[in-house]
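Novice: Structure file my_file-v5.txt (compact mmCIF, C-alpha atoms) is given on the next line.
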```
# COMPACT_ATOMS: atom_id res chain seq x y z
CA MET K 113 69.35 -343.95 -202.64
CA GLY K 114 66.77 -343.42 -199.96
CA GLU K 115 63.91 -344.65 -202.11
CA ASN K 116 62.94 -348.06 -203.32
CA ALA K 117 61.80 -348.86 -206.88
CA GLY K 118 58.29 -347.49 -206.27
CA GLY K 119 59.57 -344.06 -205.22
CA ALA K 120 58.59 -344.54 -201.56
CA PRO K 121 61.13 -343.75 -198.87
CA ASP K 122 62.96 -346.71 -197.44
CA GLY K 123 62.84 -347.85 -193.79
CA ARG K 124 65.93 -345.91 -192.71
CA ALA K 125 64.45 -342.53 -193.70
CA SER K 126 61.13 -343.23 -192.00
CA ASP K 127 62.93 -344.49 -188.89
CA GLY K 128 64.94 -341.26 -188.82
CA LEU K 129 61.79 -339.18 -189.17
CA LEU K 130 60.02 -341.09 -186.41
CA SER K 131 63.08 -340.77 -184.22
CA ALA K 132 63.21 -337.01 -184.82
CA LEU K 133 59.49 -336.64 -184.10
CA GLY K 134 59.91 -338.68 -180.91
CA GLY K 135 62.77 -336.43 -179.85
CA ILE K 136 60.69 -333.32 -180.49
CA ALA K 137 57.76 -334.77 -178.54
CA ALA K 138 60.05 -335.68 -175.62
CA THR K 139 61.52 -332.16 -175.63
CA LEU K 140 58.06 -330.59 -175.66
CA LEU K 141 56.90 -332.80 -172.80
CA ALA K 142 59.99 -332.01 -170.75
CA SER K 143 59.51 -328.30 -171.40
CA GLY K 144 55.85 -328.50 -170.40
CA ARG K 145 56.74 -330.38 -167.22
CA THR K 146 59.34 -327.75 -166.33
CA ARG K 147 56.81 -324.97 -166.85
CA LEU K 148 54.22 -326.72 -164.68
CA GLU K 149 56.80 -327.15 -161.91
CA LEU K 150 57.64 -323.44 -162.15
CA ILE K 151 53.96 -322.52 -161.83
CA SER K 152 53.61 -324.86 -158.85
CA ASN K 153 56.62 -323.29 -157.15
CA GLU K 154 55.25 -319.79 -157.74
CA ILE K 155 51.88 -320.74 -156.25
CA GLU K 156 53.52 -322.30 -153.19
CA ALA K 157 55.85 -319.32 -152.63
CA GLY K 158 52.98 -316.87 -153.04
CA LYS K 159 50.79 -318.80 -150.61
CA LEU K 160 53.50 -318.98 -147.96
CA ARG K 161 54.30 -315.29 -148.33
CA ALA K 162 50.63 -314.31 -148.06
CA VAL K 163 50.10 -316.40 -144.91
CA GLU K 164 53.27 -315.02 -143.30
CA LEU K 165 52.27 -311.44 -144.09
CA LEU K 166 48.75 -311.99 -142.80
CA LEU K 167 49.92 -313.48 -139.50
CA THR K 168 52.48 -310.73 -139.02
CA ALA K 169 49.88 -308.06 -139.74
CA LEU K 170 47.40 -309.61 -137.31
CA ALA K 171 49.98 -309.85 -134.51
CA MET K 172 51.16 -306.30 -135.16
CA SER K 173 47.59 -304.97 -135.21
CA PHE K 174 46.74 -306.70 -131.95
CA CYS K 175 49.82 -305.36 -130.14
CA PHE K 176 49.38 -301.82 -131.43
CA GLY K 177 45.65 -301.93 -130.70
CA VAL K 178 46.17 -302.92 -127.07
CA ALA K 179 48.91 -300.28 -126.67
CA ILE K 180 46.66 -297.55 -128.11
CA VAL K 181 43.74 -298.46 -125.85
CA LEU K 182 45.99 -298.44 -122.79
CA ALA K 183 47.54 -295.11 -123.84
CA PHE K 184 44.10 -293.52 -124.13
CA ILE K 185 43.03 -294.90 -120.78
CA LEU K 186 46.18 -293.33 -119.31
CA LEU K 187 45.38 -289.99 -120.99
CA ILE K 188 41.80 -290.05 -119.78
CA VAL K 189 42.87 -290.80 -116.21
CA SER K 190 45.61 -288.15 -116.38
CA PHE K 191 43.23 -285.48 -117.67
CA TRP K 192 40.08 -286.58 -115.87
CA GLU K 193 38.44 -283.18 -115.93
CA GLN K 194 38.86 -282.92 -119.73
CA ARG K 195 38.04 -286.55 -120.45
CA LEU K 196 35.42 -285.66 -123.11
CA VAL K 197 37.95 -283.53 -125.01
CA VAL K 198 40.57 -286.30 -124.82
CA LEU K 199 38.04 -288.89 -126.05
CA GLY K 200 36.88 -286.60 -128.87
CA LEU K 201 40.45 -285.94 -130.01
CA GLY K 202 41.23 -289.65 -129.83
CA ILE K 203 38.25 -290.43 -132.03
CA LEU K 204 39.37 -287.85 -134.61
CA ILE K 205 42.99 -288.99 -134.47
CA PHE K 206 41.97 -292.53 -135.39
CA LEU K 207 39.06 -291.90 -137.74
CA VAL K 208 41.16 -289.89 -140.21
CA PRO K 209 43.92 -292.49 -140.71
CA GLY K 210 41.30 -295.25 -140.59
CA GLY K 211 39.50 -293.60 -143.50
CA LEU K 212 42.78 -293.26 -145.40
CA PHE K 213 43.58 -296.93 -144.79
CA LEU K 214 40.09 -297.89 -145.97
CA ALA K 215 40.54 -295.92 -149.20
CA HIS K 216 43.96 -297.51 -149.73
CA PHE K 217 42.54 -300.99 -149.08
CA LYS K 218 39.73 -300.49 -151.60
CA ARG K 219 42.17 -299.18 -154.22
CA GLU K 220 44.63 -302.06 -153.72
CA SER K 221 41.97 -304.77 -153.63
CA HIS K 222 40.63 -303.67 -157.03
CA ARG K 223 44.06 -303.47 -158.66
CA PRO K 224 44.70 -306.47 -160.89
CA GLU K 225 47.90 -308.34 -160.15
CA ARG K 226 49.51 -310.81 -162.51
CA VAL K 227 50.26 -313.85 -160.40
CA PHE K 228 52.21 -315.99 -162.89
CA THR K 229 54.35 -313.33 -164.53
CA ASP K 230 57.51 -315.48 -164.64
CA SER K 231 55.67 -318.50 -166.00
CA VAL K 232 53.94 -316.49 -168.71
CA ALA K 233 57.27 -314.92 -169.71
CA GLU K 234 58.91 -318.36 -169.95
CA LEU K 235 56.04 -319.76 -172.01
CA GLU K 236 56.17 -316.76 -174.37
CA GLU K 237 59.93 -317.28 -174.78
CA ASP K 238 59.35 -321.00 -175.51
CA LEU K 239 56.74 -320.11 -178.10
CA ARG K 240 59.07 -317.57 -179.72
CA GLN K 241 61.87 -320.14 -179.90
CA LEU K 242 59.59 -322.82 -181.36
CA LYS K 243 58.34 -320.43 -184.01
CA ALA K 244 61.91 -319.44 -184.84
CA MET K 245 62.91 -323.13 -185.18
CA THR K 246 60.02 -323.89 -187.50
CA GLY K 247 60.50 -320.77 -189.60
CA HIS K 248 57.30 -319.08 -188.46
CA GLU K 249 59.02 -316.17 -186.75
CA PRO K 250 56.45 -313.52 -185.75
CA PRO K 251 57.10 -310.03 -187.09
CA LEU K 252 59.10 -307.75 -184.85
CA ARG K 253 57.03 -305.18 -182.99
```
As a first step, turn the structure in this file into structure tokens.

Specialist:
Amino acid sequence: MGENAGGAPDGRASDGLLSALGGIAATLLASGRTRLELISNEIEAGKLRAVELLLTALAMSFCFGVAIVLAFILLIVSFWEQRLVVLGLGILIFLVPGGLFLAHFKRESHRPERVFTDSVAELEEDLRQLKAMTGHEPPLR
């Protein structure tokens, strides 16, 4: 039925195949566009969060820094005769946590962080579904 005298498929079968391939291509393009939009949204959200955290940390550091300097000036004036002891204790009080913060900063700055975790998970799920549709299901782990 679907073949002519020479055994070649007729126009209706080839039109159906082309239509199916066009539908698959459109679906793949739409899926790719969605994934790119997701990545773009993640980048934008991450950038805004980083800027907000940085500005908050800078403002907090400035306020606490001024307060600490003024508190030590008050202590030095209050204990004028022991001003060297007060200064020495102040130096120790802030060098120890400063060293701990430095160690923490070094450790955190070397830790790898996956930025596009959601996008990668979605792409892996898309790949799994495509392989399942085509019959090339990967073996279960």

Novice: For the atom pair CA of Gly158 (chain K) and CA of Ser231 (chain K), what is the interatomic distance in Å to one decimal place?

Specialist: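 Atom-to-atom, CA of Gly158 (chain K) and CA of Ser231 (chain K) are spaced 13.3 Å apart.
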
Novice: Can you tell me how far CA of Glu193 (chain K) sits from CA of Ile205 (chain K), in Å to one decimal?

Specialist: 20.0 Å

Novice: Could you tell me how far CA of Arg240 (chain K) sits from CA of Leu129 (chain K), in Å to one decimal place?

Specialist: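 Here the two named atoms are 23.7 Å from each other.
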
Novice: Select, from K:Gly128, K:Leu235, K:Val178, K:Lys243, the residue with the minimum atom-to-atom distance to Arg147 (chain K), counting all atoms listed in the file.

Specialist: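 Among K:Gly128, K:Leu235, K:Val178, K:Lys243, it is K:Leu235 that comes nearest to Arg147 (chain K).
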
Novice: For Phe228 (chain K), work out the shell of residues within 9 Å, counting all atoms listed in the file and skipping chain neighbours fewer than 5 positions away, then give it as a list in words.

Specialist: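 Returned residues: Ile151, Glu154, Ile155 and Ala233 of chain K.
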
Novice: Could you put an axis-aligned box around every listed atom of region 184-202 of chain K, padded by 4 Å on each side, and send me its centre and edge lengths in Å to one decimal, as AutoDock Vina command-line options?

Specialist:
```
--center_x 40.8 --center_y -288.9 --center_z -122.9 --size_x 18.8 --size_y 20.0 --size_z 22.1
```
